[in-house]
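Source file: entry02.csv; contents: CSV, C-alpha atoms and all ligand atoms.
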```
chain,number,residue,atom,x,y,z
A,1,MET,CA,-0.2,-169.6,-33.0
A,2,VAL,CA,-3.3,-167.8,-31.6
A,3,LEU,CA,-4.9,-169.0,-28.5
A,4,ARG,CA,-8.2,-170.5,-29.5
A,5,MET,CA,-10.7,-170.5,-26.7
A,6,ASP,CA,-13.4,-171.8,-29.1
A,7,TYR,CA,-11.4,-175.1,-29.1
A,8,LYS,CA,-11.5,-175.5,-32.9
A,9,THR,CA,-8.5,-176.5,-35.0
A,10,ASP,CA,-7.7,-176.1,-38.7
A,11,VAL,CA,-8.0,-179.9,-39.3
A,12,TRP,CA,-10.8,-180.7,-41.8
A,13,VAL,CA,-13.6,-182.5,-40.1
A,14,ASP,CA,-14.2,-185.4,-42.5
A,15,TRP,CA,-17.1,-187.2,-40.9
A,16,CYS,CA,-20.0,-188.0,-43.3
A,17,PRO,CA,-22.4,-185.0,-43.8
A,18,GLY,CA,-25.2,-185.4,-41.2
A,19,CYS,CA,-23.2,-187.6,-38.8
A,20,GLY,CA,-24.1,-187.3,-35.1
A,21,ASP,CA,-20.4,-186.9,-34.3
A,22,TYR,CA,-20.7,-183.2,-35.4
A,23,GLY,CA,-23.2,-182.6,-32.6
A,24,ILE,CA,-20.9,-184.3,-30.0
A,25,LEU,CA,-17.9,-182.2,-31.2
A,26,ALA,CA,-19.9,-179.0,-31.0
A,27,ALA,CA,-21.2,-179.9,-27.5
A,28,MET,CA,-17.7,-180.7,-26.3
A,29,GLN,CA,-16.3,-177.4,-27.7
A,30,ALA,CA,-19.2,-175.5,-26.0
A,31,ALA,CA,-18.7,-177.3,-22.7
A,32,LEU,CA,-14.9,-176.6,-22.6
A,33,LYS,CA,-15.5,-173.0,-23.5
A,34,GLU,CA,-18.2,-172.5,-20.8
A,35,LEU,CA,-16.0,-174.2,-18.2
A,36,SER,CA,-13.1,-171.9,-19.3
A,37,LEU,CA,-10.8,-174.9,-19.3
A,38,LYS,CA,-7.4,-174.1,-20.6
A,39,PRO,CA,-6.3,-176.2,-23.7
A,40,TRP,CA,-3.0,-177.0,-22.0
A,41,GLU,CA,-4.9,-178.3,-18.9
A,42,THR,CA,-7.2,-180.5,-21.0
A,43,VAL,CA,-6.5,-183.9,-22.6
A,44,ILE,CA,-8.8,-185.6,-25.1
A,45,VAL,CA,-8.0,-189.3,-25.6
A,46,SER,CA,-9.6,-191.5,-28.2
A,47,GLY,CA,-9.3,-195.0,-29.6
A,48,ILE,CA,-10.0,-196.2,-33.1
A,49,GLY,CA,-13.2,-195.6,-35.1
A,50,CYS,CA,-15.0,-192.5,-36.5
A,51,SER,CA,-15.0,-191.1,-32.9
A,52,GLY,CA,-11.3,-191.6,-32.8
A,53,LYS,CA,-10.7,-188.5,-34.9
A,54,THR,CA,-12.2,-186.2,-32.2
A,55,PRO,CA,-8.9,-185.1,-30.6
A,56,HIS,CA,-7.7,-183.8,-34.0
A,57,PHE,CA,-10.7,-181.4,-34.1
A,58,ILE,CA,-10.3,-180.0,-30.6
A,59,PHE,CA,-7.7,-177.4,-29.7
A,60,ALA,CA,-6.3,-179.0,-26.6
A,61,ASN,CA,-3.8,-181.8,-25.8
A,62,GLY,CA,-4.9,-184.9,-27.6
A,63,VAL,CA,-3.9,-188.6,-28.0
A,64,HIS,CA,-5.4,-190.8,-30.7
A,65,THR,CA,-4.5,-194.2,-29.4
A,66,LEU,CA,-5.1,-197.9,-30.2
A,67,HIS,CA,-8.4,-199.7,-30.6
A,68,GLY,CA,-10.0,-200.3,-27.2
A,69,ARG,CA,-7.1,-198.7,-25.4
A,70,ALA,CA,-8.2,-195.1,-24.9
A,71,ILE,CA,-9.1,-195.8,-21.2
A,72,PRO,CA,-5.7,-197.2,-20.2
A,73,PHE,CA,-3.9,-194.2,-21.9
A,74,ALA,CA,-6.3,-191.8,-20.1
A,75,THR,CA,-5.7,-193.6,-16.8
A,76,GLY,CA,-2.0,-193.3,-17.1
A,77,ILE,CA,-2.3,-189.6,-18.0
A,78,LYS,CA,-4.6,-188.8,-15.1
A,79,LEU,CA,-2.6,-190.8,-12.5
A,80,ALA,CA,0.6,-189.1,-13.7
A,81,ASN,CA,-0.9,-185.6,-13.5
A,82,PRO,CA,-4.2,-185.4,-11.6
A,83,ASP,CA,-4.3,-181.6,-12.3
A,84,LEU,CA,-5.3,-182.4,-15.9
A,85,LYS,CA,-8.9,-182.7,-17.1
A,86,VAL,CA,-9.1,-185.9,-19.1
A,87,ILE,CA,-11.9,-186.8,-21.5
A,88,VAL,CA,-12.1,-190.1,-23.4
A,89,ASN,CA,-14.0,-190.3,-26.7
A,90,GLY,CA,-14.8,-193.7,-28.1
A,91,GLY,CA,-17.4,-195.6,-30.0
A,92,ASP,CA,-19.6,-198.3,-28.5
A,93,GLY,CA,-17.5,-200.8,-30.5
A,94,ASP,CA,-14.3,-199.5,-29.1
A,95,LEU,CA,-15.3,-199.0,-25.5
A,96,LEU,CA,-17.7,-201.9,-25.0
A,97,GLY,CA,-16.2,-204.5,-27.4
A,98,ILE,CA,-12.4,-204.8,-27.4
A,99,GLY,CA,-12.2,-202.1,-24.6
A,100,ALA,CA,-14.9,-203.5,-22.3
A,101,GLY,CA,-12.5,-204.8,-19.7
A,102,HIS,CA,-10.9,-201.4,-19.4
A,103,PHE,CA,-14.4,-199.8,-19.2
A,104,VAL,CA,-15.3,-201.9,-16.2
A,105,ALA,CA,-11.9,-201.4,-14.5
A,106,LEU,CA,-12.3,-197.6,-14.8
A,107,GLY,CA,-15.6,-197.6,-13.0
A,108,ARG,CA,-14.2,-199.7,-10.1
A,109,ARG,CA,-11.4,-197.2,-9.7
A,110,ASN,CA,-13.6,-194.0,-9.7
A,111,LEU,CA,-10.7,-192.1,-11.2
A,112,ASP,CA,-11.7,-188.6,-12.2
A,113,ILE,CA,-12.1,-189.1,-15.9
A,114,THR,CA,-15.0,-188.4,-18.2
A,115,VAL,CA,-15.9,-191.0,-20.9
A,116,ILE,CA,-18.1,-190.0,-23.8
A,117,ILE,CA,-19.5,-193.0,-25.8
A,118,HIS,CA,-20.4,-192.3,-29.4
A,119,ASP,CA,-23.1,-194.9,-29.4
A,120,ASN,CA,-24.3,-195.6,-33.0
A,121,GLN,CA,-24.7,-199.4,-32.8
A,122,VAL,CA,-22.4,-200.0,-35.8
A,123,TYR,CA,-18.7,-200.1,-36.6
A,124,GLY,CA,-18.9,-197.1,-38.9
A,125,LEU,CA,-15.3,-196.7,-39.9
A,126,THR,CA,-15.1,-200.3,-41.1
A,127,LYS,CA,-18.4,-200.1,-43.1
A,128,GLY,CA,-21.2,-200.8,-40.6
A,129,GLN,CA,-20.7,-204.2,-39.0
A,130,ALA,CA,-22.9,-204.9,-35.9
A,131,SER,CA,-21.3,-203.4,-32.8
A,132,PRO,CA,-22.0,-204.3,-29.1
A,133,THR,CA,-25.1,-202.1,-28.7
A,134,LEU,CA,-27.0,-203.3,-31.7
A,135,PRO,CA,-30.0,-205.4,-30.6
A,136,ALA,CA,-30.2,-209.1,-31.7
A,137,GLY,CA,-32.4,-209.5,-34.7
A,138,ALA,CA,-31.7,-205.9,-36.0
A,139,LYS,CA,-30.7,-205.8,-39.6
A,140,THR,CA,-29.0,-202.5,-40.7
A,141,LYS,CA,-28.4,-201.9,-44.3
A,142,SER,CA,-24.8,-203.2,-44.4
A,143,LEU,CA,-25.6,-206.5,-42.6
A,144,PRO,CA,-26.4,-209.4,-45.0
A,145,LYS,CA,-28.5,-211.1,-42.2
A,146,PRO,CA,-30.0,-209.9,-38.9
A,147,ASN,CA,-27.6,-209.6,-35.9
A,148,LEU,CA,-27.2,-212.8,-33.9
A,149,GLN,CA,-25.8,-211.4,-30.7
A,150,ASP,CA,-27.6,-209.8,-27.7
A,151,PRO,CA,-26.6,-206.2,-27.0
A,152,VAL,CA,-24.7,-204.7,-24.1
A,153,ASN,CA,-26.5,-202.0,-22.2
A,154,PRO,CA,-23.8,-199.3,-21.6
A,155,LEU,CA,-25.6,-197.6,-18.8
A,156,GLU,CA,-26.3,-200.8,-16.9
A,157,LEU,CA,-22.7,-201.9,-17.3
A,158,ALA,CA,-21.5,-198.5,-16.1
A,159,LEU,CA,-23.8,-198.7,-13.0
A,160,ALA,CA,-22.7,-202.2,-12.2
A,161,SER,CA,-19.0,-201.3,-12.6
A,162,GLY,CA,-19.2,-198.4,-10.1
A,163,TYR,CA,-19.3,-195.3,-12.3
A,164,THR,CA,-20.4,-192.4,-10.0
A,165,PHE,CA,-21.9,-190.2,-12.8
A,166,VAL,CA,-24.0,-192.0,-15.4
A,167,ALA,CA,-25.9,-190.1,-18.0
A,168,ARG,CA,-27.4,-190.4,-21.5
A,169,GLY,CA,-27.4,-187.7,-24.1
A,170,TYR,CA,-28.5,-187.3,-27.7
A,171,ALA,CA,-25.9,-186.0,-30.3
A,172,LEU,CA,-28.4,-183.8,-32.1
A,173,ASN,CA,-29.4,-181.9,-29.0
A,174,THR,CA,-26.1,-180.1,-28.5
A,175,ARG,CA,-27.3,-177.7,-25.8
A,176,HIS,CA,-28.5,-180.5,-23.5
A,177,LEU,CA,-25.4,-182.6,-24.3
A,178,ALA,CA,-23.0,-179.7,-23.5
A,179,ASN,CA,-24.7,-179.3,-20.1
A,180,LEU,CA,-24.2,-183.0,-19.4
A,181,ILE,CA,-20.6,-182.8,-20.4
A,182,LYS,CA,-20.0,-179.8,-18.1
A,183,GLN,CA,-21.5,-181.6,-15.2
A,184,ALA,CA,-19.6,-184.8,-16.0
A,185,VAL,CA,-16.3,-182.9,-16.2
A,186,GLN,CA,-16.9,-181.1,-12.9
A,187,HIS,CA,-17.8,-184.4,-11.1
A,188,LYS,CA,-15.0,-185.7,-8.9
A,189,GLY,CA,-14.9,-189.3,-10.1
A,190,THR,CA,-15.5,-191.5,-13.1
A,191,ALA,CA,-18.3,-190.1,-15.3
A,192,VAL,CA,-19.8,-191.7,-18.4
A,193,ILE,CA,-22.2,-190.2,-21.0
A,194,ASP,CA,-23.7,-192.6,-23.4
A,195,VAL,CA,-24.5,-190.5,-26.4
A,196,LEU,CA,-27.1,-191.7,-28.9
A,197,GLN,CA,-25.5,-190.9,-32.2
A,198,PRO,CA,-27.1,-191.5,-35.5
A,199,CYS,CA,-24.8,-193.0,-38.1
A,200,VAL,CA,-26.4,-191.7,-41.3
A,201,THR,CA,-24.3,-193.9,-43.6
A,202,TYR,CA,-24.6,-197.4,-42.1
A,203,ASN,CA,-27.4,-197.4,-39.5
A,204,ASP,CA,-30.8,-196.9,-41.3
A,205,LEU,CA,-32.8,-198.2,-38.2
A,206,TYR,CA,-31.8,-195.9,-35.4
A,207,THR,CA,-32.2,-192.6,-37.2
A,208,LYS,CA,-32.9,-189.0,-36.2
A,209,ASP,CA,-36.6,-189.6,-36.8
A,210,TRP,CA,-36.6,-192.9,-34.8
A,211,TYR,CA,-34.9,-191.2,-31.8
A,212,GLU,CA,-36.9,-188.0,-31.9
A,213,LYS,CA,-40.2,-189.9,-31.6
A,214,ARG,CA,-39.0,-191.6,-28.4
A,215,ILE,CA,-36.6,-189.5,-26.4
A,216,TYR,CA,-37.7,-187.6,-23.3
A,217,TYR,CA,-35.8,-185.6,-20.7
A,218,LEU,CA,-35.6,-186.9,-17.1
A,219,ASP,CA,-34.9,-183.4,-15.8
A,220,GLU,CA,-38.4,-182.3,-16.9
A,221,ASP,CA,-39.8,-184.5,-14.1
A,222,PRO,CA,-39.7,-182.6,-10.9
A,223,GLU,CA,-39.7,-185.8,-8.9
A,224,TRP,CA,-36.6,-187.2,-10.6
A,225,ASP,CA,-33.5,-186.8,-8.3
A,226,PRO,CA,-30.5,-188.9,-9.2
A,227,VAL,CA,-28.0,-187.2,-6.9
A,228,VAL,CA,-26.6,-189.2,-3.9
A,229,GLU,CA,-25.6,-186.7,-1.2
A,230,LYS,CA,-25.4,-189.3,1.6
A,231,PRO,CA,-24.1,-192.8,1.2
A,232,GLU,CA,-27.3,-194.3,2.6
A,233,GLU,CA,-29.2,-192.9,-0.3
A,234,ALA,CA,-27.2,-194.9,-2.8
A,235,PRO,CA,-29.0,-198.3,-2.9
A,236,VAL,CA,-32.4,-196.8,-3.7
A,237,LYS,CA,-31.1,-194.3,-6.2
A,238,LEU,CA,-28.9,-196.9,-7.9
A,239,ALA,CA,-32.0,-199.3,-8.2
A,240,ARG,CA,-34.0,-196.4,-9.8
A,241,ALA,CA,-31.1,-195.7,-12.2
A,242,HIS,CA,-31.0,-199.3,-13.3
A,243,GLU,CA,-34.8,-199.2,-14.0
A,244,LYS,CA,-34.3,-196.1,-16.2
A,245,ALA,CA,-31.2,-197.6,-17.9
A,246,ARG,CA,-33.4,-200.6,-19.0
A,247,GLU,CA,-36.1,-198.3,-20.4
A,248,TRP,CA,-35.8,-198.6,-24.2
A,249,GLY,CA,-38.3,-198.8,-27.0
A,250,ASP,CA,-41.3,-196.5,-27.1
A,251,ARG,CA,-39.7,-194.2,-24.6
A,252,ILE,CA,-36.0,-193.5,-24.1
A,253,PRO,CA,-34.9,-191.3,-21.1
A,254,LEU,CA,-32.1,-188.7,-21.5
A,255,GLY,CA,-30.3,-187.0,-18.7
A,256,ILE,CA,-28.5,-187.9,-15.5
A,257,LEU,CA,-29.5,-191.4,-14.2
A,258,TYR,CA,-27.1,-191.5,-11.3
A,259,TRP,CA,-24.7,-189.1,-9.6
A,260,ASP,CA,-23.0,-190.2,-6.4
A,261,LYS,CA,-21.1,-187.3,-4.8
A,262,THR,CA,-20.1,-189.3,-1.8
A,263,LYS,CA,-17.6,-191.9,-3.1
A,264,PRO,CA,-13.9,-191.0,-2.8
A,265,SER,CA,-12.1,-190.7,-6.1
A,266,MET,CA,-9.0,-192.8,-6.8
A,267,GLU,CA,-6.9,-189.7,-6.4
A,268,ASP,CA,-8.3,-189.2,-2.9
A,269,ARG,CA,-7.6,-192.9,-2.0
A,270,ILE,CA,-4.1,-192.7,-3.3
A,271,GLU,CA,-3.5,-189.5,-1.3
A,272,GLN,CA,-4.7,-191.2,1.9
A,273,ARG,CA,-1.9,-193.7,1.3
A,274,LEU,CA,0.7,-191.3,-0.1
A,275,SER,CA,0.1,-187.8,1.4
A,276,SER,CA,2.4,-186.1,-1.2
A,277,TYR,CA,0.6,-187.6,-4.2
A,278,LYS,CA,-1.5,-184.6,-5.3
A,279,LYS,CA,1.2,-182.0,-4.4
A,280,ILE,CA,4.0,-183.9,-6.2
A,281,PRO,CA,2.3,-186.3,-8.6
A,282,PRO,CA,4.6,-188.5,-10.9
A,283,ALA,CA,4.5,-186.0,-13.7
A,284,LYS,CA,6.0,-183.3,-11.5
A,285,ALA,CA,8.4,-185.4,-9.5
A,286,VAL,CA,12.2,-185.1,-10.0
A,287,ILE,CA,13.5,-188.4,-11.4
A,288,GLU,CA,16.5,-189.4,-9.3
A,289,GLU,CA,19.2,-192.0,-9.6
A,290,ALA,CA,21.7,-192.5,-6.8
A,291,GLY,CA,20.5,-189.3,-5.2
A,292,LYS,CA,21.0,-187.2,-8.4
A,293,PRO,CA,18.5,-186.2,-11.1
A,294,ALA,CA,18.7,-188.9,-13.8
A,295,ILE,CA,17.2,-186.6,-16.4
A,296,SER,CA,17.8,-182.9,-16.2
A,297,SER,CA,15.4,-180.2,-17.4
A,298,GLU,CA,17.8,-179.5,-20.2
A,299,ASP,CA,17.6,-183.2,-21.3
A,300,LEU,CA,13.8,-183.0,-21.3
A,301,TYR,CA,13.8,-179.8,-23.3
A,302,ARG,CA,16.1,-181.3,-25.9
A,303,ILE,CA,13.8,-184.4,-26.2
A,304,PHE,CA,10.5,-182.5,-26.4
A,305,LYS,CA,11.4,-179.2,-28.0
A,306,ARG,CA,10.1,-180.1,-31.4
A,307,TYR,CA,6.6,-180.6,-29.8
A,308,ILE,CA,6.4,-177.2,-28.1
A,309,VAL,CA,3.8,-174.9,-29.5
A,310,LYS,CA,4.1,-171.2,-28.7
A,311,ILE,CA,0.8,-169.7,-27.7
A,312,GLN,CA,-0.1,-166.0,-27.7
A,313,GLY,CA,-2.9,-165.1,-25.3
B,1,LIG,FE1,-20.6,-190.9,-38.9
B,1,LIG,FE2,-21.3,-193.3,-39.6
B,1,LIG,FE3,-20.0,-191.7,-41.3
B,1,LIG,FE4,-18.8,-192.7,-39.3
B,1,LIG,S1,-19.7,-193.9,-41.0
B,1,LIG,S2,-18.6,-190.6,-40.0
B,1,LIG,S3,-20.3,-192.7,-37.7
B,1,LIG,S4,-22.1,-191.3,-40.5
```
The structure in this file should be written as structure tokens.
Ligand code: SF4
Amino acid sequence: MVLRMDYKTDVWVDWCPGCGDYGILAAMQAALKELSLKPWETVIVSGIGCSGKTPHFIFANGVHTLHGRAIPFATGIKLANPDLKVIVNGGDGDLLGIGAGHFVALGRRNLDITVIIHDNQVYGLTKGQASPTLPAGAKTKSLPKPNLQDPVNPLELALASGYTFVARGYALNTRHLANLIKQAVQHKGTAVIDVLQPCVTYNDLYTKDWYEKRIYYLDEDPEWDPVVEKPEEAPVKLARAHEKAREWGDRIPLGILYWDKTKPSMEDRIEQRLSSYKKIPPAKAVIEEAGKPAISSEDLYRIFKRYIVKIQG
């Protein structure tokens, strides 16, 4: 197999024509390429939904997991091997509905993982039911009556949970989104990008035209500075980020709302308690029993040899 530094696979991309997911995929592939991340050092983890197919389309390690459980899988992968770059892809239904508890727990830990929310306000894969970000009263074409529930604001939830990099992107501006993904992946801590993603099949309210009349870019304002370089700057910048997170309607901000570079990551905190953690993380430790290796490297090779792919550089 040839080494593919464009991060594309041979798997047919079967999203509906015009879906915003294509823009997210293109932005991810561009970001991984520009960061020169090695496919074998990168892990894409997804849950269930249209976004859940993303790992199939990216030439890197990938795990397509259970509904709402992408974050626990990603947490285990990152804790076991902190040298890996771990990126979670999930819909707003997956991450903020059934997976909401895990979304909050990840922010509290500040583990070095990037979460990309494919936020289209519907459960696209199951034919367009109202998902957690659809406003109350909204009636998309597949709902028989308007939505009865109030929405969750993903950015406010992330800020309240402790995420140290919080941004919003737009699926159809892939250049801007790729830059956000690069910054999020390089950040040492938990990062989230809420990506406004038109679902052309089931969401006839929040369309390309609707978004493009309203979105604006925070980084075009020379006064906007979301970066926390000293802990004492955090309260003021966090309050401003909350204000921007609430801005929705005639104007919708895109870009980085909050970026705290001062908070220690979970890996740093573990290392303070266990000094060998980063040098010999669980994935690289020898598993012993009564002073002898319980599993030899030959045993591991026998178990995993059918999954080994030979790559020519
Ligand atoms: Fe995209 Fe919506 Fe089609 Fe899913 S149902 S692939 S989100 S357009």
Proximity check chain A to ligand LIG 1 (chain B), 9 Å, nearest pairs one decimal Å, only C-alpha atoms and all ligand atoms, as a Markdown table:
```
| residue | atom | partner | partner_atom | distance |
| --- | --- | --- | --- | --- |
| A:Asp14 | CA | B:LIG1 | S2 | 7.3 |
| A:Trp15 | CA | B:LIG1 | S2 | 3.8 |
| A:Cys16 | CA | B:LIG1 | FE3 | 4.2 |
| A:Pro17 | CA | B:LIG1 | S4 | 7.1 |
| A:Gly18 | CA | B:LIG1 | S4 | 6.7 |
| A:Cys19 | CA | B:LIG1 | FE1 | 4.2 |
| A:Gly20 | CA | B:LIG1 | FE1 | 6.3 |
| A:Asp21 | CA | B:LIG1 | FE1 | 6.1 |
| A:Tyr22 | CA | B:LIG1 | FE1 | 8.5 |
| A:Gly49 | CA | B:LIG1 | FE4 | 7.6 |
| A:Cys50 | CA | B:LIG1 | FE4 | 4.7 |
| A:Ser51 | CA | B:LIG1 | S3 | 7.3 |
| A:Gly91 | CA | B:LIG1 | S3 | 8.7 |
| A:His118 | CA | B:LIG1 | S3 | 8.3 |
| A:Asn120 | CA | B:LIG1 | S3 | 6.8 |
| A:Val122 | CA | B:LIG1 | FE2 | 7.8 |
| A:Tyr123 | CA | B:LIG1 | S3 | 7.7 |
| A:Gly124 | CA | B:LIG1 | S1 | 3.9 |
| A:Leu125 | CA | B:LIG1 | S1 | 5.3 |
| A:Thr126 | CA | B:LIG1 | S1 | 7.9 |
| A:Lys127 | CA | B:LIG1 | S1 | 6.7 |
| A:Gly128 | CA | B:LIG1 | S1 | 7.1 |
| A:Gln197 | CA | B:LIG1 | S3 | 7.8 |
| A:Pro198 | CA | B:LIG1 | S4 | 7.1 |
| A:Cys199 | CA | B:LIG1 | FE2 | 3.8 |
| A:Val200 | CA | B:LIG1 | S4 | 4.4 |
| A:Thr201 | CA | B:LIG1 | S4 | 4.6 |
| A:Tyr202 | CA | B:LIG1 | FE2 | 5.8 |
| A:Asn203 | CA | B:LIG1 | FE2 | 7.4 |
```
Selection: 7 Å around stretch 278-289 of chain A, only C-alpha atoms, excl. self and same-chain fewer than 3 positions, as a ChimeraX atom specification
/A:80-82,271,292-295
Compile the contact shell of stretch 208-218 of chain A as an MDAnalysis selection string: residues with an atom at most 10 Å away, counting only C-alpha atoms, same-chain residues fewer than 5 positions apart removed.
chainID A and resid 18 20 168:172 176 196:200 223:226 244 248:257
Polymer residues at most 8 Å from A:Ile193, only C-alpha atoms, same-chain spacing of 3 or more positions, as JSON, numbers by chain
{"A": [114, 115, 116, 117, 166, 167, 168, 169, 180, 181, 184]}
So that I can check the surroundings of A:Gly99, please list as a PyMOL selection string every protein, DNA and RNA residue that reaches within 8 Å of it, counting only C-alpha atoms and ignoring chain neighbours fewer than 4 positions away.
chain A and resi 67-69+71+94-95+103
Just to confirm, what's the straight-line distance from atom CA of A:Arg246 to atom CA of A:Asn153 in Å (one decimal)?
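About the pair atom CA of A:Arg246 and atom CA of A:Asn153: they are 7.7 Å apart.
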Given only C-alpha atoms as the basis, pick out the residue of A:Val63, A:Val192, A:Met28, A:Ile98 nearest to A:Arg175.
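Between A:Val63, A:Val192, A:Met28, A:Ile98, the residue approaching A:Arg175 most closely is A:Met28.
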Computed interatomic separation between atom CA of A:Asn89 and atom CA of A:Asp194 (Å):
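So the answer is 10.5 Å.
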In Å to one decimal, how far is atom CA of A:Leu96 from atom CA of A:Leu143?
19.8 Å
Selected residue, from A:Ile48, A:Ile270, A:Ala245, A:Leu84, that lies nearest to A:Val185 when counting all atoms listed in the file:
A:Leu84
Contacts of A:Lys263 at 10 Å or less, counting all atoms listed in the file, minus same-chain residues fewer than 3 places along, as a PyMOL selection string?
chain A and resi 110+162-164+188-189+228-231+260+266+268
Using only C-alpha atoms, which residue out of A:Val195, A:Leu159, A:Leu134, A:Ile87 lies closest to A:Ile24?
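For A:Ile24, the nearest of the candidates is A:Val195.
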